[in-house]
Amino acid sequence: MNKALITGITGQDGSYLTELLLDKGYEVHGLVRRQSSTKRRRLDHLFANPEIYGRRLHLHYADLDDPTTIRRILVAVEPDELYHLAGQSHVGVSFEIPESTCDTTAMGTLRLLEIIRDLPHRPRLLQTSSSEIFGRPESAPQCEATPHRPVTPYGVAKAFATDMVRVYRESFDFFACNAICYNHESPRRGESFVTRKISRGVAAIARGETDHLVLGSLDAQRDWGYAPEYVAGMWRMLQHDTPGDYVLATGRSHSLRDFLEAAFAVVGRDYEAHIQTDPRFVRPAEVHRLVGDPRKAAEHLGWKAETDLEELARIMVQHDLANPSV
Ligand code: GDP
C-alpha cells in the first residue's frame, strides 16, 4: 500500500486530496496544527467512518516551525509521497502578517526540504506553488518558464519556496515538483476568499437574510478553476517518470464581475442591485494579467481543467443554498 503524508490536510486542497488518495487505496497521514478546537469540518465525514479513521487515515500534530517534530513523524511514517500544502494562504492577509506568512510558506518549505535531504528513504515531494509568483508579468499567459515577479508578501514567499524546491531537485537529485496553481475554488474554499464570499452572500440574499454584499475592487481578473481537479493534477505529477514544475490553470481569464453575474444568475438576480464596495477590502497591491498556460500539464500528464466559470459558480452557490450554516 502506498503511503502519503499531507501538510495542510485540513484545508480545501488537503481534504480533496485525502479523498482522492483514499479512493486510490493509499494510507494517508496528515500534519495538523495543535488548536484548542478539534473541529475539522472538511474532514469530518472521514473521521466518522471507522473503516477509515485510525486505519487508513492518521493525523499527527506538528507545526511548520517545529522541524524536530516533523522529522520524527517523517522517520516513523516513511511516506512514499509528501504533499506540502500547508501555509498562510490568503494574499490580502499576507500584507497584515508578512513575517509569519514568510516563516510558514518560505522557511517552512526550506525546513521540510532539509529534513527530507537526510532521510534514508526520500519521499517524492509536491509543493503547491501559486500564480502569485508571477505578480505583474510581462507576458500572458504564463508558463513554467515565465520569470517570477511577485508583488505581494504571499507571492514573494511562494517564489522563494518554488525556487528552493527547484534548487533541491537540481542540486540534490530530489524527486520534487512545484504545482503552480492558479486560483482554484470549491464549496470548501475559506469564507474570506472572494468566490466563497460571493457564493455565501448570494445564498444569504436569496434566503432574505440580507440584501447586499460588501466587496473591495471589482476590477480583479483571475483564472478560476475547480479545486478537486487541481489536486488530481498534483497527484499525477508525482506519478510521472521525471520530476518537474507544472502550471495548473484553465487558461481562461475572467473578471470578478463575470463571477458575480454567474453566481447571482443561479438565483435569478442581477448582481448590480446587491453589491456595495468598501476600501477596507482593497489591497495595497494587486497582481495583473494572471492567466495560466496549462499545455505542459496537458502534454506530460494528460491533465485538463474541465469545469468552467458558470459551472463553478453554480456548484458553489447551490452548496451554500443547501448548507446555510457551513
Ligand atoms: P487571491 O487571488 O488568492 O488573492 O484570491 P481572493 O479570492 O482572495 O481574491 C481575488 C480577487 O478578488 C483579488 O484581486 C481581490 O482584490 C478581489 N476582491 C474584491 N473584493 C474582495 C473581497 O471582499 N475579498 C477578497 N478576498 N477579495 C476581493
# chains A, B, ... in the order shown; residues from 1 in each chain; ligands from 1
>>> residues_around(residues="Lys3 of chain A", least_positions_apart="6", cutoff="6 Å", atoms="only C-alpha atoms", output="MDAnalysis selection string")
chainID A and resid 26:28 79:80
>>> residues_near_ligand(ligand="ligand 1", cutoff="7 Å", atoms="only C-alpha atoms and all ligand atoms", output="MDAnalysis selection string")
chainID A and resid 90:92 183 192:195 197 214:218 220:222 256 281:283 286
>>> write_last_selection(atoms="N, CA, C and O atoms", output="mmCIF file, in the first residue's frame")
data_model
loop_
_atom_site.group_PDB
_atom_site.id
_atom_site.type_symbol
_atom_site.label_atom_id
_atom_site.label_comp_id
_atom_site.auth_asym_id
_atom_site.auth_seq_id
_atom_site.Cartn_x
_atom_site.Cartn_y
_atom_site.Cartn_z
ATOM 1 N N HIS A 90 -3.790 33.264 2.420
ATOM 2 C CA HIS A 90 -4.595 34.409 1.997
ATOM 3 C C HIS A 90 -3.702 35.582 1.611
ATOM 4 O O HIS A 90 -2.936 36.093 2.432
ATOM 5 N N VAL A 91 -3.812 36.003 0.352
ATOM 6 C CA VAL A 91 -2.935 37.060 -0.170
ATOM 7 C C VAL A 91 -3.175 38.379 0.571
ATOM 8 O O VAL A 91 -2.227 39.060 0.986
ATOM 9 N N GLY A 92 -4.447 38.751 0.754
ATOM 10 C CA GLY A 92 -4.760 40.009 1.439
ATOM 11 C C GLY A 92 -4.191 40.014 2.852
ATOM 12 O O GLY A 92 -3.578 40.990 3.291
ATOM 13 N N ASN A 183 -5.899 30.276 -9.296
ATOM 14 C CA ASN A 183 -6.969 30.198 -8.279
ATOM 15 C C ASN A 183 -7.856 28.979 -8.521
ATOM 16 O O ASN A 183 -8.294 28.747 -9.644
ATOM 17 N N SER A 192 -13.283 33.770 3.459
ATOM 18 C CA SER A 192 -12.797 35.125 3.173
ATOM 19 C C SER A 192 -12.263 35.266 1.744
ATOM 20 O O SER A 192 -11.888 36.353 1.323
ATOM 21 N N PHE A 193 -12.196 34.181 0.986
ATOM 22 C CA PHE A 193 -11.793 34.280 -0.432
ATOM 23 C C PHE A 193 -13.001 34.754 -1.240
ATOM 24 O O PHE A 193 -14.150 34.434 -0.907
ATOM 25 N N VAL A 194 -12.725 35.489 -2.299
ATOM 26 C CA VAL A 194 -13.823 36.257 -2.887
ATOM 27 C C VAL A 194 -14.934 35.378 -3.481
ATOM 28 O O VAL A 194 -16.116 35.699 -3.337
ATOM 29 N N THR A 195 -14.586 34.269 -4.110
ATOM 30 C CA THR A 195 -15.641 33.443 -4.729
ATOM 31 C C THR A 195 -16.584 32.870 -3.668
ATOM 32 O O THR A 195 -17.797 32.852 -3.841
ATOM 33 N N LYS A 197 -16.992 34.064 -0.619
ATOM 34 C CA LYS A 197 -17.711 35.182 -0.002
ATOM 35 C C LYS A 197 -18.949 35.505 -0.853
ATOM 36 O O LYS A 197 -20.037 35.721 -0.334
ATOM 37 N N VAL A 214 -20.696 43.196 0.562
ATOM 38 C CA VAL A 214 -19.676 44.249 0.513
ATOM 39 C C VAL A 214 -18.356 43.655 0.018
ATOM 40 O O VAL A 214 -17.826 42.706 0.617
ATOM 41 N N LEU A 215 -17.827 44.220 -1.061
ATOM 42 C CA LEU A 215 -16.576 43.729 -1.646
ATOM 43 C C LEU A 215 -15.568 44.868 -1.792
ATOM 44 O O LEU A 215 -15.899 46.038 -1.559
ATOM 45 N N GLY A 216 -14.338 44.514 -2.213
ATOM 46 C CA GLY A 216 -13.316 45.525 -2.497
ATOM 47 C C GLY A 216 -13.369 45.900 -3.978
ATOM 48 O O GLY A 216 -14.438 46.210 -4.506
ATOM 49 N N SER A 217 -12.222 45.804 -4.653
ATOM 50 C CA SER A 217 -12.171 46.180 -6.069
ATOM 51 C C SER A 217 -12.880 45.135 -6.940
ATOM 52 O O SER A 217 -12.620 43.935 -6.820
ATOM 53 N N LEU A 218 -13.759 45.613 -7.816
ATOM 54 C CA LEU A 218 -14.460 44.687 -8.714
ATOM 55 C C LEU A 218 -13.703 44.495 -10.028
ATOM 56 O O LEU A 218 -14.163 43.797 -10.925
ATOM 57 N N ALA A 220 -10.813 43.098 -10.440
ATOM 58 C CA ALA A 220 -9.891 41.954 -10.449
ATOM 59 C C ALA A 220 -10.220 40.997 -11.597
ATOM 60 O O ALA A 220 -11.384 40.808 -11.956
ATOM 61 N N GLN A 221 -9.168 40.382 -12.141
ATOM 62 C CA GLN A 221 -9.317 39.338 -13.165
ATOM 63 C C GLN A 221 -8.547 38.124 -12.672
ATOM 64 O O GLN A 221 -7.432 38.269 -12.178
ATOM 65 N N ARG A 222 -9.126 36.960 -12.818
ATOM 66 C CA ARG A 222 -8.447 35.744 -12.386
ATOM 67 C C ARG A 222 -8.751 34.592 -13.343
ATOM 68 O O ARG A 222 -9.748 34.614 -14.069
ATOM 69 N N LEU A 256 -14.007 39.679 -11.998
ATOM 70 C CA LEU A 256 -14.841 39.420 -10.824
ATOM 71 C C LEU A 256 -16.312 39.653 -11.173
ATOM 72 O O LEU A 256 -17.201 38.954 -10.679
ATOM 73 N N PHE A 281 -11.493 46.350 1.833
ATOM 74 C CA PHE A 281 -11.185 45.090 1.145
ATOM 75 C C PHE A 281 -10.284 45.288 -0.077
ATOM 76 O O PHE A 281 -10.043 44.347 -0.835
ATOM 77 N N VAL A 282 -9.817 46.541 -0.272
ATOM 78 C CA VAL A 282 -8.902 46.802 -1.393
ATOM 79 C C VAL A 282 -7.469 46.608 -0.903
ATOM 80 O O VAL A 282 -7.110 47.049 0.187
ATOM 81 N N ARG A 283 -6.652 45.939 -1.694
ATOM 82 C CA ARG A 283 -5.289 45.615 -1.261
ATOM 83 C C ARG A 283 -4.282 46.703 -1.634
ATOM 84 O O ARG A 283 -4.493 47.408 -2.625
ATOM 85 N N GLU A 286 -1.949 44.815 -6.298
ATOM 86 C CA GLU A 286 -2.716 43.745 -6.958
ATOM 87 C C GLU A 286 -1.903 43.142 -8.099
ATOM 88 O O GLU A 286 -1.166 43.857 -8.785
#
>>> closest_residue(among="A:Leu110, A:Val77, A:Val266, A:Leu17", to="Gln318 of chain A", atoms="only C-alpha atoms")
A:Val266
>>> closest_atom_pairs(of="segment 152-195 of chain A", to="segment 290-305 of chain A", cutoff="12 Å", atoms="only C-alpha atoms", output="JSON lines")
{"residue": "A:Asn178", "atom": "CA", "partner": "A:Ala297", "partner_atom": "CA", "distance": 11.7}
{"residue": "A:Ala179", "atom": "CA", "partner": "A:Ala297", "partner_atom": "CA", "distance": 9.7}
{"residue": "A:Ile180", "atom": "CA", "partner": "A:Gly292", "partner_atom": "CA", "distance": 9.0}
{"residue": "A:Cys181", "atom": "CA", "partner": "A:Gly292", "partner_atom": "CA", "distance": 8.5}
{"residue": "A:Tyr182", "atom": "CA", "partner": "A:Gly292", "partner_atom": "CA", "distance": 6.8}
{"residue": "A:Asn183", "atom": "CA", "partner": "A:Val291", "partner_atom": "CA", "distance": 9.7}
{"residue": "A:His184", "atom": "CA", "partner": "A:Ala305", "partner_atom": "CA", "distance": 10.1}
>>> write_last_selection(atoms="N, CA and C atoms", output="PDB file, in the first residue's frame")
ATOM      1  N   ASN A 178       6.856  21.407  -8.354  1.00  0.00           N
ATOM      2  CA  ASN A 178       6.011  22.544  -7.989  1.00  0.00           C
ATOM      3  C   ASN A 178       4.740  22.497  -8.821  1.00  0.00           C
ATOM      4  N   ALA A 179       3.603  22.493  -8.142  1.00  0.00           N
ATOM      5  CA  ALA A 179       2.320  22.663  -8.837  1.00  0.00           C
ATOM      6  C   ALA A 179       2.007  24.156  -8.793  1.00  0.00           C
ATOM      7  N   ILE A 180       2.213  24.839  -9.925  1.00  0.00           N
ATOM      8  CA  ILE A 180       1.995  26.294  -9.955  1.00  0.00           C
ATOM      9  C   ILE A 180       0.510  26.522 -10.235  1.00  0.00           C
ATOM     10  N   CYS A 181      -0.255  26.622  -9.138  1.00  0.00           N
ATOM     11  CA  CYS A 181      -1.711  26.615  -9.252  1.00  0.00           C
ATOM     12  C   CYS A 181      -2.268  28.018  -9.398  1.00  0.00           C
ATOM     13  N   TYR A 182      -3.129  28.203 -10.385  1.00  0.00           N
ATOM     14  CA  TYR A 182      -3.940  29.414 -10.469  1.00  0.00           C
ATOM     15  C   TYR A 182      -5.119  29.215  -9.512  1.00  0.00           C
ATOM     16  N   ASN A 183      -5.899  30.276  -9.296  1.00  0.00           N
ATOM     17  CA  ASN A 183      -6.969  30.198  -8.279  1.00  0.00           C
ATOM     18  C   ASN A 183      -7.856  28.979  -8.521  1.00  0.00           C
ATOM     19  N   HIS A 184      -8.088  28.238  -7.467  1.00  0.00           N
ATOM     20  CA  HIS A 184      -8.987  27.093  -7.591  1.00  0.00           C
ATOM     21  C   HIS A 184      -9.913  27.084  -6.385  1.00  0.00           C
TER      22      HIS A 184
END
>>> select_by_dssp(residues="segment 35-282 of chain A", states="strand (DSSP E)", output="JSON, numbers by chain")
{"A": [57, 58, 59, 60, 61, 81, 82, 83, 84, 124, 125, 126, 127, 128, 129, 130, 176, 177, 178, 179, 180, 181, 184, 185, 213, 214, 215, 221, 222, 225, 226, 245, 246, 247, 248, 254, 255, 275, 276, 277]}
>>> select_by_dssp(residues="segment 106-310 of chain A", states="alpha helix (DSSP H)", output="tab-separated table (two decimals) with N, CA, C and O atoms, in the first residue's frame")
chain	number	residue	atom	x	y	z
A	108	GLY	N	9.17	27.43	6.05
A	108	GLY	CA	8.56	26.12	6.32
A	108	GLY	C	8.91	25.12	5.21
A	108	GLY	O	9.18	23.94	5.48
A	109	THR	N	8.93	25.59	3.98
A	109	THR	CA	9.27	24.70	2.85
A	109	THR	C	10.75	24.34	2.89
A	109	THR	O	11.12	23.18	2.68
A	110	LEU	N	11.60	25.32	3.19
A	110	LEU	CA	13.04	25.03	3.26
A	110	LEU	C	13.34	24.01	4.38
A	110	LEU	O	14.12	23.08	4.19
A	111	ARG	N	12.67	24.19	5.52
A	111	ARG	CA	12.90	23.24	6.62
A	111	ARG	C	12.51	21.83	6.20
A	111	ARG	O	13.22	20.86	6.50
A	112	LEU	N	11.41	21.73	5.49
A	112	LEU	CA	10.95	20.41	5.04
A	112	LEU	C	11.98	19.80	4.06
A	112	LEU	O	12.31	18.61	4.15
A	113	LEU	N	12.48	20.61	3.16
A	113	LEU	CA	13.50	20.12	2.20
A	113	LEU	C	14.74	19.63	2.95
A	113	LEU	O	15.31	18.59	2.60
A	114	GLU	N	15.15	20.37	3.98
A	114	GLU	CA	16.34	19.98	4.75
A	114	GLU	C	16.11	18.66	5.49
A	114	GLU	O	17.01	17.83	5.59
A	115	ILE	N	14.90	18.47	6.00
A	115	ILE	CA	14.61	17.20	6.69
A	115	ILE	C	14.64	16.05	5.68
A	115	ILE	O	15.27	15.01	5.93
A	116	ILE	N	14.02	16.25	4.53
A	116	ILE	CA	13.96	15.19	3.51
A	116	ILE	C	15.37	14.82	3.05
A	116	ILE	O	15.67	13.65	2.80
A	117	ARG	N	16.22	15.82	2.98
A	117	ARG	CA	17.60	15.61	2.49
A	117	ARG	C	18.33	14.51	3.28
A	117	ARG	O	19.12	13.76	2.73
A	118	ASP	N	18.01	14.41	4.57
A	118	ASP	CA	18.70	13.44	5.44
A	118	ASP	C	18.03	12.08	5.49
A	118	ASP	O	18.56	11.15	6.10
A	153	PRO	N	3.44	40.00	-0.32
A	153	PRO	CA	4.27	39.17	0.58
A	153	PRO	C	4.03	37.67	0.35
A	153	PRO	O	4.98	36.87	0.34
A	154	TYR	N	2.79	37.29	0.13
A	154	TYR	CA	2.48	35.89	-0.15
A	154	TYR	C	3.22	35.42	-1.41
A	154	TYR	O	3.82	34.34	-1.44
A	155	GLY	N	3.18	36.25	-2.46
A	155	GLY	CA	3.84	35.90	-3.71
A	155	GLY	C	5.35	35.77	-3.55
A	155	GLY	O	5.97	34.86	-4.11
A	156	VAL	N	5.94	36.65	-2.77
A	156	VAL	CA	7.39	36.59	-2.51
A	156	VAL	C	7.74	35.28	-1.79
A	156	VAL	O	8.70	34.58	-2.13
A	157	ALA	N	6.92	34.95	-0.77
A	157	ALA	CA	7.18	33.72	-0.01
A	157	ALA	C	7.04	32.48	-0.91
A	157	ALA	O	7.87	31.55	-0.85
A	158	LYS	N	6.03	32.47	-1.77
A	158	LYS	CA	5.84	31.33	-2.67
A	158	LYS	C	6.95	31.26	-3.73
A	158	LYS	O	7.36	30.17	-4.13
A	159	ALA	N	7.44	32.42	-4.17
A	159	ALA	CA	8.53	32.41	-5.15
A	159	ALA	C	9.79	31.79	-4.53
A	159	ALA	O	10.48	30.97	-5.15
A	160	PHE	N	10.06	32.15	-3.28
A	160	PHE	CA	11.20	31.55	-2.55
A	160	PHE	C	11.03	30.03	-2.47
A	160	PHE	O	11.96	29.28	-2.80
A	161	ALA	N	9.86	29.60	-2.03
A	161	ALA	CA	9.62	28.15	-1.86
A	161	ALA	C	9.76	27.42	-3.20
A	161	ALA	O	10.36	26.34	-3.29
A	162	THR	N	9.23	28.03	-4.25
A	162	THR	CA	9.25	27.40	-5.58
A	162	THR	C	10.68	27.25	-6.09
A	162	THR	O	11.08	26.20	-6.60
A	163	ASP	N	11.45	28.32	-5.95
A	163	ASP	CA	12.85	28.26	-6.41
A	163	ASP	C	13.65	27.26	-5.57
A	163	ASP	O	14.51	26.56	-6.08
A	164	MET	N	13.36	27.22	-4.28
A	164	MET	CA	14.11	26.32	-3.41
A	164	MET	C	13.83	24.85	-3.77
A	164	MET	O	14.74	24.02	-3.80
A	165	VAL	N	12.58	24.54	-4.07
A	165	VAL	CA	12.24	23.17	-4.49
A	165	VAL	C	13.01	22.82	-5.77
A	165	VAL	O	13.57	21.72	-5.90
A	166	ARG	N	13.07	23.75	-6.70
A	166	ARG	CA	13.83	23.50	-7.94
A	166	ARG	C	15.32	23.32	-7.65
A	166	ARG	O	15.97	22.41	-8.20
A	167	VAL	N	15.86	24.14	-6.75
A	167	VAL	CA	17.28	24.05	-6.40
A	167	VAL	C	17.59	22.67	-5.80
A	167	VAL	O	18.58	22.02	-6.17
A	168	TYR	N	16.73	22.18	-4.91
A	168	TYR	CA	16.99	20.87	-4.30
A	168	TYR	C	16.82	19.75	-5.33
A	168	TYR	O	17.50	18.74	-5.28
A	169	ARG	N	15.89	19.94	-6.26
A	169	ARG	CA	15.72	18.95	-7.33
A	169	ARG	C	17.00	18.87	-8.18
A	169	ARG	O	17.51	17.79	-8.47
A	170	GLU	N	17.52	20.05	-8.55
A	170	GLU	CA	18.67	20.08	-9.45
A	170	GLU	C	19.98	19.77	-8.72
A	170	GLU	O	20.89	19.17	-9.30
A	171	SER	N	20.08	20.16	-7.44
A	171	SER	CA	21.36	20.02	-6.74
A	171	SER	C	21.50	18.70	-6.01
A	171	SER	O	22.59	18.16	-5.89
A	172	PHE	N	20.40	18.20	-5.46
A	172	PHE	CA	20.47	17.01	-4.61
A	172	PHE	C	19.65	15.85	-5.15
A	172	PHE	O	19.36	14.90	-4.44
A	194	VAL	N	-12.72	35.49	-2.30
A	194	VAL	CA	-13.82	36.26	-2.89
A	194	VAL	C	-14.93	35.38	-3.48
A	194	VAL	O	-16.12	35.70	-3.34
A	195	THR	N	-14.59	34.27	-4.11
A	195	THR	CA	-15.64	33.44	-4.73
A	195	THR	C	-16.58	32.87	-3.67
A	195	THR	O	-17.80	32.85	-3.84
A	196	ARG	N	-16.00	32.42	-2.56
A	196	ARG	CA	-16.84	31.83	-1.49
A	196	ARG	C	-17.63	32.91	-0.77
A	196	ARG	O	-18.78	32.69	-0.38
A	197	LYS	N	-16.99	34.06	-0.62
A	197	LYS	CA	-17.71	35.18	0.00
A	197	LYS	C	-18.95	35.50	-0.85
A	197	LYS	O	-20.04	35.72	-0.33
A	198	ILE	N	-18.76	35.46	-2.17
A	198	ILE	CA	-19.88	35.75	-3.07
A	198	ILE	C	-20.93	34.63	-3.02
A	198	ILE	O	-22.13	34.90	-2.89
A	199	SER	N	-20.49	33.37	-3.07
A	199	SER	CA	-21.50	32.29	-3.10
A	199	SER	C	-22.31	32.27	-1.80
A	199	SER	O	-23.52	32.07	-1.81
A	200	ARG	N	-21.64	32.54	-0.68
A	200	ARG	CA	-22.37	32.59	0.60
A	200	ARG	C	-23.28	33.81	0.64
A	200	ARG	O	-24.39	33.76	1.16
A	201	GLY	N	-22.79	34.93	0.10
A	201	GLY	CA	-23.59	36.16	0.06
A	201	GLY	C	-24.83	35.98	-0.79
A	201	GLY	O	-25.94	36.39	-0.41
A	202	VAL	N	-24.68	35.36	-1.96
A	202	VAL	CA	-25.83	35.12	-2.85
A	202	VAL	C	-26.86	34.25	-2.13
A	202	VAL	O	-28.07	34.52	-2.18
A	203	ALA	N	-26.39	33.21	-1.46
A	203	ALA	CA	-27.32	32.31	-0.75
A	203	ALA	C	-28.04	33.08	0.36
A	203	ALA	O	-29.25	32.92	0.54
A	204	ALA	N	-27.31	33.94	1.09
A	204	ALA	CA	-27.94	34.72	2.18
A	204	ALA	C	-28.97	35.70	1.61
A	204	ALA	O	-30.04	35.89	2.19
A	205	ILE	N	-28.66	36.30	0.47
A	205	ILE	CA	-29.60	37.24	-0.17
A	205	ILE	C	-30.85	36.47	-0.64
A	205	ILE	O	-31.98	36.90	-0.43
A	206	ALA	N	-30.63	35.30	-1.23
A	206	ALA	CA	-31.77	34.50	-1.72
A	206	ALA	C	-32.68	34.08	-0.56
A	206	ALA	O	-33.89	33.98	-0.73
A	227	ALA	N	-11.34	23.19	-7.59
A	227	ALA	CA	-10.26	22.62	-6.78
A	227	ALA	C	-10.05	21.09	-6.90
A	227	ALA	O	-8.90	20.64	-6.98
A	228	PRO	N	-11.10	20.26	-6.89
A	228	PRO	CA	-10.84	18.80	-6.95
A	228	PRO	C	-10.00	18.41	-8.18
A	228	PRO	O	-9.21	17.46	-8.11
A	229	GLU	N	-10.17	19.14	-9.28
A	229	GLU	CA	-9.38	18.82	-10.48
A	229	GLU	C	-7.90	19.16	-10.28
A	229	GLU	O	-7.02	18.49	-10.82
A	230	TYR	N	-7.63	20.18	-9.47
A	230	TYR	CA	-6.24	20.61	-9.29
A	230	TYR	C	-5.46	19.62	-8.41
A	230	TYR	O	-4.28	19.37	-8.65
A	231	VAL	N	-6.13	19.05	-7.40
A	231	VAL	CA	-5.41	18.07	-6.58
A	231	VAL	C	-5.14	16.79	-7.40
A	231	VAL	O	-4.13	16.12	-7.18
A	232	ALA	N	-6.02	16.49	-8.35
A	232	ALA	CA	-5.76	15.33	-9.23
A	232	ALA	C	-4.50	15.61	-10.07
A	232	ALA	O	-3.70	14.69	-10.32
A	233	GLY	N	-4.32	16.86	-10.49
A	233	GLY	CA	-3.10	17.23	-11.22
A	233	GLY	C	-1.86	17.07	-10.35
A	233	GLY	O	-0.82	16.60	-10.82
A	234	MET	N	-1.97	17.43	-9.08
A	234	MET	CA	-0.82	17.28	-8.16
A	234	MET	C	-0.42	15.80	-8.05
A	234	MET	O	0.75	15.45	-8.08
A	235	TRP	N	-1.43	14.96	-7.89
A	235	TRP	CA	-1.16	13.52	-7.78
A	235	TRP	C	-0.45	13.01	-9.06
A	235	TRP	O	0.54	12.28	-8.98
A	236	ARG	N	-0.94	13.44	-10.21
A	236	ARG	CA	-0.33	12.99	-11.48
A	236	ARG	C	1.14	13.40	-11.57
A	236	ARG	O	1.97	12.67	-12.13
A	237	MET	N	1.49	14.55	-11.02
A	237	MET	CA	2.90	14.99	-11.09
A	237	MET	C	3.82	13.99	-10.39
A	237	MET	O	4.92	13.71	-10.86
A	238	LEU	N	3.35	13.45	-9.27
A	238	LEU	CA	4.22	12.52	-8.53
A	238	LEU	C	4.20	11.11	-9.12
A	238	LEU	O	5.03	10.27	-8.73
A	239	GLN	N	3.30	10.84	-10.07
A	239	GLN	CA	3.30	9.51	-10.72
A	239	GLN	C	4.14	9.52	-11.99
A	239	GLN	O	4.41	8.47	-12.57
A	256	LEU	N	-14.01	39.68	-12.00
A	256	LEU	CA	-14.84	39.42	-10.82
A	256	LEU	C	-16.31	39.65	-11.17
A	256	LEU	O	-17.20	38.95	-10.68
A	257	ARG	N	-16.56	40.62	-12.05
A	257	ARG	CA	-17.94	40.88	-12.48
A	257	ARG	C	-18.53	39.65	-13.20
A	257	ARG	O	-19.71	39.35	-13.03
A	258	ASP	N	-17.72	38.94	-13.98
A	258	ASP	CA	-18.22	37.71	-14.64
A	258	ASP	C	-18.65	36.70	-13.58
A	258	ASP	O	-19.68	36.03	-13.71
A	259	PHE	N	-17.83	36.56	-12.51
A	259	PHE	CA	-18.19	35.59	-11.48
A	259	PHE	C	-19.45	36.04	-10.75
A	259	PHE	O	-20.34	35.23	-10.47
A	260	LEU	N	-19.54	37.34	-10.46
A	260	LEU	CA	-20.74	37.87	-9.79
A	260	LEU	C	-21.98	37.59	-10.63
A	260	LEU	O	-23.01	37.13	-10.12
A	261	GLU	N	-21.88	37.85	-11.93
A	261	GLU	CA	-23.01	37.64	-12.82
A	261	GLU	C	-23.44	36.17	-12.80
A	261	GLU	O	-24.63	35.85	-12.66
A	262	ALA	N	-22.46	35.27	-12.89
A	262	ALA	CA	-22.77	33.83	-12.91
A	262	ALA	C	-23.37	33.39	-11.59
A	262	ALA	O	-24.32	32.58	-11.56
A	263	ALA	N	-22.84	33.90	-10.47
A	263	ALA	CA	-23.32	33.46	-9.15
A	263	ALA	C	-24.75	33.98	-8.90
A	263	ALA	O	-25.62	33.23	-8.43
A	264	PHE	N	-25.00	35.25	-9.21
A	264	PHE	CA	-26.35	35.78	-8.99
A	264	PHE	C	-27.36	35.17	-9.97
A	264	PHE	O	-28.55	35.04	-9.63
A	265	ALA	N	-26.89	34.77	-11.16
A	265	ALA	CA	-27.80	34.14	-12.13
A	265	ALA	C	-28.38	32.84	-11.59
A	265	ALA	O	-29.51	32.45	-11.94
A	266	VAL	N	-27.63	32.16	-10.70
A	266	VAL	CA	-28.13	30.89	-10.15
A	266	VAL	C	-29.43	31.11	-9.38
A	266	VAL	O	-30.29	30.24	-9.35
A	295	ARG	N	-0.47	23.98	-20.98
A	295	ARG	CA	-0.16	23.00	-22.03
A	295	ARG	C	0.80	21.91	-21.58
A	295	ARG	O	0.69	20.76	-21.97
A	296	LYS	N	1.79	22.29	-20.74
A	296	LYS	CA	2.76	21.26	-20.31
A	296	LYS	C	2.04	20.16	-19.49
A	296	LYS	O	2.28	18.97	-19.70
A	309	LEU	N	-16.45	28.59	-15.60
A	309	LEU	CA	-16.81	29.54	-14.55
A	309	LEU	C	-18.28	29.45	-14.14
A	309	LEU	O	-18.60	29.49	-12.95
A	310	GLU	N	-19.18	29.29	-15.12
A	310	GLU	CA	-20.61	29.22	-14.81
A	310	GLU	C	-20.91	27.98	-13.95
A	310	GLU	O	-21.65	28.05	-12.98
>>> closest_residue(among="A:Ala176, A:Leu126, A:Val267, A:Ala313", to="Tyr83 of chain A", atoms="only C-alpha atoms")
A:Leu126
>>> closest_residue(among="A:Asp241, A:Asp211, A:Asp103, A:Glu311", to="Glu272 of chain A", atoms="only C-alpha atoms")
A:Asp211
>>> closest_residue(among="A:Ile97, A:Leu5, A:Val317, A:Val32", to="Leu125 of chain A", atoms="only C-alpha atoms")
A:Leu5
>>> atom_distance(atom1="atom CA of Thr146 of chain A", atom2="atom CA of Thr242 of chain A")
20.6 Å
>>> closest_residue(among="A:Ala106, A:Val75, A:Leu46, A:His240", to="His121 of chain A", atoms="only C-alpha atoms")
A:Val75
>>> atom_distance(atom1="atom CA of Ala249 of chain A", atom2="atom CA of Glu138 of chain A")
18.2 Å
>>> closest_residue(among="A:Pro279, A:Asp65, A:Gly25, A:Glu19", to="Met1 of chain A", atoms="only C-alpha atoms")
A:Gly25
